[in-house]
>>> print(open('upload.pdb').read())   # PDB, C-alpha atoms and all ligand atoms
ATOM      1  CA  MET A1086      -2.523  35.078  10.952
ATOM      2  CA  LYS A1087      -2.270  31.603  12.503
ATOM      3  CA  SER A1088       1.139  30.022  12.803
ATOM      4  CA  ILE A1089       2.693  26.567  12.915
ATOM      5  CA  ILE A1090       5.988  25.317  14.309
ATOM      6  CA  ILE A1091       7.217  22.017  12.872
ATOM      7  CA  MET A1092       9.496  19.638  14.772
ATOM      8  CA  ALA A1093      11.274  16.947  12.745
ATOM      9  CA  SER A1094      14.245  14.617  13.118
ATOM     10  CA  GLY A1095      14.995  13.307   9.657
ATOM     11  CA  SER A1096      14.324  13.720   5.978
ATOM     12  CA  GLY A1097      11.466  16.157   6.399
ATOM     13  CA  SER A1098       9.425  15.247   3.349
ATOM     14  CA  ASN A1099       6.250  15.806   5.376
ATOM     15  CA  ALA A1100       7.586  19.109   6.690
ATOM     16  CA  GLU A1101       8.249  20.257   3.108
ATOM     17  CA  ASN A1102       4.806  19.099   1.997
ATOM     18  CA  ILE A1103       3.186  21.100   4.819
ATOM     19  CA  VAL A1104       5.227  24.218   4.015
ATOM     20  CA  ARG A1105       4.258  23.972   0.330
ATOM     21  CA  HIS A1106       0.586  23.438   1.208
ATOM     22  CA  PHE A1107       0.446  26.698   3.182
ATOM     23  CA  GLU A1108       2.799  28.758   0.960
ATOM     24  CA  SER A1109      -0.004  30.677  -0.682
ATOM     25  CA  ASN A1110      -2.350  30.692   2.330
ATOM     26  CA  LYS A1111      -2.845  34.217   3.671
ATOM     27  CA  ASN A1112      -4.193  33.068   7.048
ATOM     28  CA  ILE A1113      -1.807  30.272   8.036
ATOM     29  CA  GLN A1114       1.981  30.258   7.932
ATOM     30  CA  VAL A1115       4.771  27.873   8.940
ATOM     31  CA  LYS A1116       6.834  30.048  11.240
ATOM     32  CA  ALA A1117       9.823  27.806  11.894
ATOM     33  CA  ILE A1118      11.189  24.281  11.716
ATOM     34  CA  PHE A1119      13.086  22.808  14.659
ATOM     35  CA  SER A1120      15.256  19.696  14.489
ATOM     36  CA  ASN A1121      17.062  17.693  17.133
ATOM     37  CA  LYS A1122      19.514  16.401  14.496
ATOM     38  CA  LYS A1123      22.225  18.814  13.421
ATOM     39  CA  ASP A1124      22.653  17.210   9.984
ATOM     40  CA  ALA A1125      18.998  16.335   9.332
ATOM     41  CA  MET A1126      17.883  16.848   5.747
ATOM     42  CA  VAL A1127      14.850  18.734   7.048
ATOM     43  CA  LEU A1128      17.127  21.667   7.950
ATOM     44  CA  ASP A1129      18.412  21.877   4.343
ATOM     45  CA  ARG A1130      14.874  21.660   3.056
ATOM     46  CA  ALA A1131      13.838  24.491   5.411
ATOM     47  CA  SER A1132      16.558  26.835   4.213
ATOM     48  CA  LYS A1133      15.722  26.085   0.552
ATOM     49  CA  LEU A1134      12.073  26.833   1.330
ATOM     50  CA  GLY A1135      13.001  30.085   3.080
ATOM     51  CA  ILE A1136      11.711  28.933   6.471
ATOM     52  CA  SER A1137      13.659  29.712   9.668
ATOM     53  CA  ALA A1138      15.345  26.523  10.832
ATOM     54  CA  TYR A1139      16.878  25.713  14.193
ATOM     55  CA  TYR A1140      18.807  22.841  15.692
ATOM     56  CA  PHE A1141      18.411  22.075  19.397
ATOM     57  CA  ASN A1142      19.925  19.466  21.693
ATOM     58  CA  LYS A1143      18.452  17.383  24.497
ATOM     59  CA  LYS A1144      19.611  19.866  27.132
ATOM     60  CA  ALA A1145      17.636  22.666  25.483
ATOM     61  CA  LEU A1146      14.545  20.463  25.260
ATOM     62  CA  LEU A1147      14.711  19.083  28.786
ATOM     63  CA  GLY A1148      16.121  22.231  30.398
ATOM     64  CA  GLY A1149      13.142  24.394  29.456
ATOM     65  CA  GLN A1150      14.762  26.609  26.790
ATOM     66  CA  ILE A1151      12.633  25.169  24.024
ATOM     67  CA  VAL A1152       9.394  25.713  25.905
ATOM     68  CA  GLU A1153      10.383  29.324  26.619
ATOM     69  CA  LEU A1154      11.326  29.901  22.988
ATOM     70  CA  PHE A1155       8.081  28.349  21.780
ATOM     71  CA  LYS A1156       6.077  30.479  24.222
ATOM     72  CA  ALA A1157       7.767  33.555  22.737
ATOM     73  CA  LEU A1158       6.981  32.376  19.197
ATOM     74  CA  ASP A1159       3.386  31.747  20.314
ATOM     75  CA  PRO A1160       2.352  29.190  17.651
ATOM     76  CA  ASP A1161      -1.253  28.107  17.225
ATOM     77  CA  LEU A1162      -0.097  24.557  16.489
ATOM     78  CA  ILE A1163       3.105  22.534  16.976
ATOM     79  CA  VAL A1164       3.338  19.778  14.400
ATOM     80  CA  LEU A1165       5.562  16.735  14.918
ATOM     81  CA  ALA A1166       6.454  15.470  11.450
ATOM     82  CA  GLY A1167       8.840  12.578  11.986
ATOM     83  CA  PHE A1168      10.049  13.874  15.360
ATOM     84  CA  LEU A1169      11.541  10.954  17.243
ATOM     85  CA  TRP A1170      12.143  12.168  20.801
ATOM     86  CA  LYS A1171       9.578  12.052  23.535
ATOM     87  CA  VAL A1172       7.979  15.444  24.170
ATOM     88  CA  PRO A1173       8.677  16.545  27.776
ATOM     89  CA  THR A1174       5.807  17.238  30.151
ATOM     90  CA  ASP A1175       6.507  20.983  30.462
ATOM     91  CA  LEU A1176       6.076  21.383  26.703
ATOM     92  CA  VAL A1177       2.913  19.236  26.639
ATOM     93  CA  ASP A1178       1.456  21.247  29.536
ATOM     94  CA  ALA A1179       2.342  24.625  28.022
ATOM     95  CA  PHE A1180       0.653  23.731  24.717
ATOM     96  CA  GLU A1181      -2.284  21.578  25.739
ATOM     97  CA  ASN A1182      -4.158  20.312  22.675
ATOM     98  CA  LYS A1183      -1.821  22.332  20.477
ATOM     99  CA  ILE A1184       0.755  19.627  19.705
ATOM    100  CA  ILE A1185      -0.043  16.965  17.132
ATOM    101  CA  ASN A1186       1.930  14.006  15.805
ATOM    102  CA  ILE A1187       1.696  11.805  12.750
ATOM    103  CA  HIS A1188       2.403   8.122  13.171
ATOM    104  CA  PRO A1189       2.894   5.810  10.163
ATOM    105  CA  ALA A1190       0.549   3.013  11.299
ATOM    106  CA  LEU A1191      -2.936   2.428  12.601
ATOM    107  CA  LEU A1192      -2.517   3.142  16.322
ATOM    108  CA  PRO A1193      -2.858   1.636  18.862
ATOM    109  CA  LYS A1194      -1.073  -1.011  16.798
ATOM    110  CA  TYR A1195       2.629  -0.510  16.131
ATOM    111  CA  GLY A1196       3.106   2.448  18.464
ATOM    112  CA  GLY A1197       5.386   3.158  21.394
ATOM    113  CA  LYS A1198       9.098   3.492  21.971
ATOM    114  CA  GLY A1199      11.264   2.305  19.083
ATOM    115  CA  MET A1200       8.317   2.234  16.694
ATOM    116  CA  PHE A1201       9.198   4.821  14.083
ATOM    117  CA  GLY A1202       9.814   4.983  10.346
ATOM    118  CA  MET A1203      10.904   1.720   8.718
ATOM    119  CA  ASN A1204      10.746  -0.201  12.029
ATOM    120  CA  VAL A1205       6.983   0.209  11.869
ATOM    121  CA  HIS A1206       6.661  -0.919   8.248
ATOM    122  CA  ARG A1207       8.936  -3.952   8.807
ATOM    123  CA  ALA A1208       6.814  -5.008  11.798
ATOM    124  CA  VAL A1209       3.611  -4.610   9.750
ATOM    125  CA  LYS A1210       5.151  -6.794   7.010
ATOM    126  CA  GLU A1211       6.423  -9.439   9.450
ATOM    127  CA  ASN A1212       2.968  -9.752  10.990
ATOM    128  CA  ASN A1213       1.324 -10.163   7.561
ATOM    129  CA  GLU A1214      -1.111  -7.333   8.215
ATOM    130  CA  ALA A1215      -3.754  -6.854   5.524
ATOM    131  CA  GLU A1216      -3.783  -3.080   6.069
ATOM    132  CA  SER A1217      -1.765  -0.219   7.459
ATOM    133  CA  GLY A1218      -2.192   3.532   7.421
ATOM    134  CA  ILE A1219      -1.642   6.798   9.258
ATOM    135  CA  SER A1220      -2.710   8.149  12.625
ATOM    136  CA  ILE A1221      -2.757  11.852  13.476
ATOM    137  CA  HIS A1222      -3.205  12.448  17.196
ATOM    138  CA  PHE A1223      -2.740  14.976  19.953
ATOM    139  CA  VAL A1224       0.477  14.556  21.900
ATOM    140  CA  ASN A1225       0.561  13.764  25.584
ATOM    141  CA  GLU A1226       3.458  12.610  27.778
ATOM    142  CA  ASN A1227       3.181   8.993  26.582
ATOM    143  CA  TYR A1228       4.490   7.917  23.175
ATOM    144  CA  ASP A1229       1.664   7.643  20.607
ATOM    145  CA  LYS A1230      -1.083   7.688  23.239
ATOM    146  CA  GLY A1231      -2.837  11.069  22.882
ATOM    147  CA  ASN A1232      -6.397  11.485  21.603
ATOM    148  CA  MET A1233      -6.901  10.445  18.001
ATOM    149  CA  ILE A1234      -7.788  13.136  15.462
ATOM    150  CA  PHE A1235      -7.714  11.283  12.138
ATOM    151  CA  GLN A1236      -6.806   7.903  10.637
ATOM    152  CA  ALA A1237      -6.637   6.680   7.047
ATOM    153  CA  LYS A1238      -6.009   3.146   5.793
ATOM    154  CA  THR A1239      -4.261   1.509   2.884
ATOM    155  CA  ALA A1240      -4.323  -2.149   1.856
ATOM    156  CA  VAL A1241      -1.145  -4.167   2.302
ATOM    157  CA  LEU A1242      -0.660  -6.912  -0.277
ATOM    158  CA  ASP A1243       1.275 -10.119   0.390
ATOM    159  CA  SER A1244       3.620  -9.043  -2.377
ATOM    160  CA  ASP A1245       4.350  -5.611  -0.789
ATOM    161  CA  SER A1246       7.826  -5.148   0.665
ATOM    162  CA  ALA A1247       8.309  -3.015   3.779
ATOM    163  CA  GLU A1248       9.582  -0.259   1.443
ATOM    164  CA  GLN A1249       6.419  -0.457  -0.643
ATOM    165  CA  ILE A1250       4.295  -0.228   2.503
ATOM    166  CA  ALA A1251       6.317   2.857   3.478
ATOM    167  CA  GLU A1252       5.581   4.419   0.085
ATOM    168  CA  LYS A1253       1.850   3.810   0.425
ATOM    169  CA  VAL A1254       1.825   5.243   3.930
ATOM    170  CA  HIS A1255       3.861   8.293   2.873
ATOM    171  CA  ALA A1256       1.344   8.939   0.091
ATOM    172  CA  LEU A1257      -1.461   8.976   2.679
ATOM    173  CA  GLU A1258       0.584  11.339   4.857
ATOM    174  CA  TYR A1259       1.138  13.789   1.991
ATOM    175  CA  GLU A1260      -2.537  13.697   1.066
ATOM    176  CA  HIS A1261      -4.058  14.122   4.516
ATOM    177  CA  PHE A1262      -1.655  15.738   6.996
ATOM    178  CA  PRO A1263      -1.789  19.328   5.641
ATOM    179  CA  LYS A1264      -5.582  19.151   5.278
ATOM    180  CA  VAL A1265      -6.017  17.932   8.861
ATOM    181  CA  ILE A1266      -3.729  20.739  10.104
ATOM    182  CA  GLU A1267      -5.744  23.294   8.134
ATOM    183  CA  LYS A1268      -9.045  21.997   9.499
ATOM    184  CA  LEU A1269      -7.737  22.058  13.059
ATOM    185  CA  LEU A1270      -6.516  25.635  12.694
ATOM    186  CA  ASN A1271      -9.832  26.673  11.180
ATOM    187  CA  GLY A1272     -11.767  25.062  14.037
ATOM    188  CA  LYS A1273     -13.329  22.519  11.680
ATOM    189  CA  ILE A1274     -12.181  19.502  13.715
TER     190      ILE A1274
HETATM  191  C1  LIG B1301       6.873   9.702   8.617
HETATM  192  O1  LIG B1301       6.433   8.544   7.944
HETATM  193  C2  LIG B1301       6.219   9.800   9.978
HETATM  194  O2  LIG B1301       4.930   9.259  10.025
HETATM  195  C3  LIG B1301       7.166   8.994  10.824
HETATM  196  O3  LIG B1301       8.435   9.341  10.358
HETATM  197  C4  LIG B1301       8.353   9.587   8.951
HETATM  198  C5  LIG B1301       9.125  10.846   8.662
HETATM  199  O4  LIG B1301       9.271  11.007   7.273
HETATM  200  N1  LIG B1301       6.993   9.272  12.223
HETATM  201  C6  LIG B1301       7.183   8.346  13.157
HETATM  202  O5  LIG B1301       7.563   7.212  12.922
HETATM  203  C7  LIG B1301       6.886   8.813  14.591
HETATM  204  N2  LIG B1301       6.846   7.717  15.482
HETATM  205  P1  LIG B1301       9.703  12.423   6.676
HETATM  206  O6  LIG B1301      10.911  12.898   7.492
HETATM  207  O7  LIG B1301      10.095  12.137   5.266
HETATM  208  O8  LIG B1301       8.546  13.362   6.797
END
>>> encode(input="upload.pdb", output="structure tokens")
Amino acid sequence: MKSIIIMASGSGSNAENIVRHFESNKNIQVKAIFSNKKDAMVLDRASKLGISAYYFNKKALLGGQIVELFKALDPDLIVLAGFLWKVPTDLVDAFENKIINIHPALLPKYGGKGMFGMNVHRAVKENNEAESGISIHFVNENYDKGNMIFQAKTAVLDSDSAEQIAEKVHALEYEHFPKVIEKLLNGKI
């Protein structure tokens, strides 16, 4: 049985979508969801879905407790689904090529510190981009800079608001993220 740990900071709609995708899979399971926000909706979603959920603070992440805990849990993949803190080097090194992130734009555009969630979609709108999309990439010690695994595009119309761009991008995330995770775990990527 292969296992996944999800890290998320906010609503967790992607986390829920991933859990539901693998619910009836006999070979892959979501083992736990970790959040750095005590009141994040993702923790409520996890308990409703029957998945172990944990809150951790910066001290636990930077002080090495998280890496030790993750080593004990021994996941095959760590999935960042709307996780907004930088991943420390000890965690990256301990799980080389086993941590992936989804970013709601076509990297290398609109990446880096401060570029998350609606900030990204507002910037795409302000720059009158004709397209946006999703980027799924391996995580290294630099924000949004690891090797690319998968990208998908959606058209942005002049009439689209930043919220409408967000909806289109979320739809791409729901469609592709679980499938990419499954392919990675099955050695098909
Ligand atoms: C997602 O759109 C994800 O791509 C983005 O946060 C959102 C979380 O939504 N991640 C980033 O911006 C990372 N820089 P969710 O909590 O509903 O899954």
>>> resolve_selection(input="upload.pdb", expression="the PyMOL selection byres (((chain A and resi 1157-1159) around 12) and not hetatm)", output="list in words")
Met1086, Lys1087, Ser1088, Ile1089, Ile1090, Val1115, Lys1116, Ala1117, Ile1118, Ser1137, Gln1150, Ile1151, Val1152, Glu1153, Leu1154, Phe1155, Lys1156, Pro1160, Asp1161, Leu1162, Ile1163, Ala1179, Phe1180 and Lys1183 of chain A
>>> write_last_selection(input="upload.pdb", atoms="C-alpha atoms", output="CSV table (one decimal), in the coordinates of the input")
chain,number,residue,atom,x,y,z
A,1086,MET,CA,-2.5,35.1,11.0
A,1087,LYS,CA,-2.3,31.6,12.5
A,1088,SER,CA,1.1,30.0,12.8
A,1089,ILE,CA,2.7,26.6,12.9
A,1090,ILE,CA,6.0,25.3,14.3
A,1115,VAL,CA,4.8,27.9,8.9
A,1116,LYS,CA,6.8,30.0,11.2
A,1117,ALA,CA,9.8,27.8,11.9
A,1118,ILE,CA,11.2,24.3,11.7
A,1137,SER,CA,13.7,29.7,9.7
A,1150,GLN,CA,14.8,26.6,26.8
A,1151,ILE,CA,12.6,25.2,24.0
A,1152,VAL,CA,9.4,25.7,25.9
A,1153,GLU,CA,10.4,29.3,26.6
A,1154,LEU,CA,11.3,29.9,23.0
A,1155,PHE,CA,8.1,28.3,21.8
A,1156,LYS,CA,6.1,30.5,24.2
A,1160,PRO,CA,2.4,29.2,17.7
A,1161,ASP,CA,-1.3,28.1,17.2
A,1162,LEU,CA,-0.1,24.6,16.5
A,1163,ILE,CA,3.1,22.5,17.0
A,1179,ALA,CA,2.3,24.6,28.0
A,1180,PHE,CA,0.7,23.7,24.7
A,1183,LYS,CA,-1.8,22.3,20.5
>>> atom_distance(input="upload.pdb", atom1="atom O5 of ligand LIG 1301 (chain B)", atom2="CA of Ile1274 (chain A)")
23.3 Å
>>> residues_near_ligand(input="upload.pdb", ligand="ligand LIG 1301 (chain B)", cutoff="7 Å", atoms="only C-alpha atoms and all ligand atoms", output="compact mmCIF listing (two decimals) with C-alpha atoms, in the coordinates of the input")
# COMPACT_ATOMS: atom_id res chain seq x y z
CA ALA A 1093 11.27 16.95 12.74
CA SER A 1094 14.24 14.62 13.12
CA GLY A 1095 15.00 13.31 9.66
CA SER A 1096 14.32 13.72 5.98
CA GLY A 1097 11.47 16.16 6.40
CA SER A 1098 9.43 15.25 3.35
CA ASN A 1099 6.25 15.81 5.38
CA ALA A 1100 7.59 19.11 6.69
CA ALA A 1166 6.45 15.47 11.45
CA GLY A 1167 8.84 12.58 11.99
CA PHE A 1168 10.05 13.87 15.36
CA LEU A 1169 11.54 10.95 17.24
CA ILE A 1187 1.70 11.80 12.75
CA HIS A 1188 2.40 8.12 13.17
CA PRO A 1189 2.89 5.81 10.16
CA MET A 1200 8.32 2.23 16.69
CA PHE A 1201 9.20 4.82 14.08
CA GLY A 1202 9.81 4.98 10.35
CA VAL A 1254 1.82 5.24 3.93
CA HIS A 1255 3.86 8.29 2.87
>>> residues_near_point(input="upload.pdb", point="(-9.4, 1.6, 3.8)", cutoff="9 Å", atoms="only C-alpha atoms", output="PyMOL selection string")
chain A and resi 1216-1218+1237-1240
>>> residues_around(input="upload.pdb", residues="region 1139-1142 of chain A", least_positions_apart="5", cutoff="8 Å", atoms="all atoms listed in the file", output="VMD selection string")
chain A and resid 1117 to 1123 1128
>>> closest_residue(input="upload.pdb", among="A:Pro1173, A:Lys1198, A:Leu1165, A:Ile1091", to="Lys1144 (chain A)", atoms="all atoms listed in the file")
A:Pro1173
>>> residues_around(input="upload.pdb", residues="Val1177 (chain A)", least_positions_apart="4", cutoff="10 Å", atoms="all atoms listed in the file", output="mmCIF file with C-alpha atoms, in the coordinates of the input")
data_model
loop_
_atom_site.group_PDB
_atom_site.id
_atom_site.type_symbol
_atom_site.label_atom_id
_atom_site.label_comp_id
_atom_site.auth_asym_id
_atom_site.auth_seq_id
_atom_site.Cartn_x
_atom_site.Cartn_y
_atom_site.Cartn_z
ATOM 1 C CA VAL A 1152 9.394 25.713 25.905
ATOM 2 C CA VAL A 1172 7.979 15.444 24.170
ATOM 3 C CA PRO A 1173 8.677 16.545 27.776
ATOM 4 C CA GLU A 1181 -2.284 21.578 25.739
ATOM 5 C CA ASN A 1182 -4.158 20.312 22.675
ATOM 6 C CA LYS A 1183 -1.821 22.332 20.477
ATOM 7 C CA ILE A 1184 0.755 19.627 19.705
ATOM 8 C CA PHE A 1223 -2.740 14.976 19.953
ATOM 9 C CA VAL A 1224 0.477 14.556 21.900
ATOM 10 C CA ASN A 1225 0.561 13.764 25.584
ATOM 11 C CA GLU A 1226 3.458 12.610 27.778
#
>>> atom_distance(input="upload.pdb", atom1="CA of Pro1193 (chain A)", atom2="CA of Met1126 (chain A)")
28.9 Å
>>> closest_residue(input="upload.pdb", among="A:Asn1102, A:Leu1146, A:Lys1230, A:Met1092", to="Glu1260 (chain A)", atoms="all atoms listed in the file")
A:Asn1102
>>> atom_distance(input="upload.pdb", atom1="CA of Ala1131 (chain A)", atom2="CA of His1222 (chain A)")
24.0 Å
>>> axis_aligned_box(input="upload.pdb", around="region 1168-1184 of chain A", padding_each_side="6 Å", output="JSON")
{"center_x": 4.0, "center_y": 17.8, "center_z": 22.9, "size_x": 28.3, "size_y": 25.7, "size_z": 27.1}
>>> residues_around(input="upload.pdb", residues="Arg1105 (chain A)", least_positions_apart="2", cutoff="12 Å", atoms="all atoms listed in the file", output="VMD selection string")
chain A and resid 1098 to 1103 1107 to 1110 1113 to 1115 1130 to 1131 1133 to 1136 1259 1263
>>> residues_around(input="upload.pdb", residues="region 1203-1212 of chain A", least_positions_apart="4", cutoff="7 Å", atoms="all atoms listed in the file", output="PyMOL selection string")
chain A and resi 1195+1247+1250-1251
>>> closest_residue(input="upload.pdb", among="A:Leu1176, A:Ala1125, A:Leu1242, A:Leu1257", to="Ile1219 (chain A)", atoms="only C-alpha atoms")
A:Leu1257
>>> closest_residue(input="upload.pdb", among="A:Ser1220, A:Asn1186, A:Glu1267, A:Trp1170", to="Gly1199 (chain A)", atoms="only C-alpha atoms")
A:Trp1170
>>> closest_residue(input="upload.pdb", among="A:Ile1234, A:Val1164, A:Ala1256, A:Ala1215", to="Leu1192 (chain A)", atoms="only C-alpha atoms")
A:Ile1234
>>> closest_residue(input="upload.pdb", among="A:Asn1213, A:Asn1227, A:Ile1266, A:Gly1272", to="Ser1244 (chain A)", atoms="all atoms listed in the file")
A:Asn1213
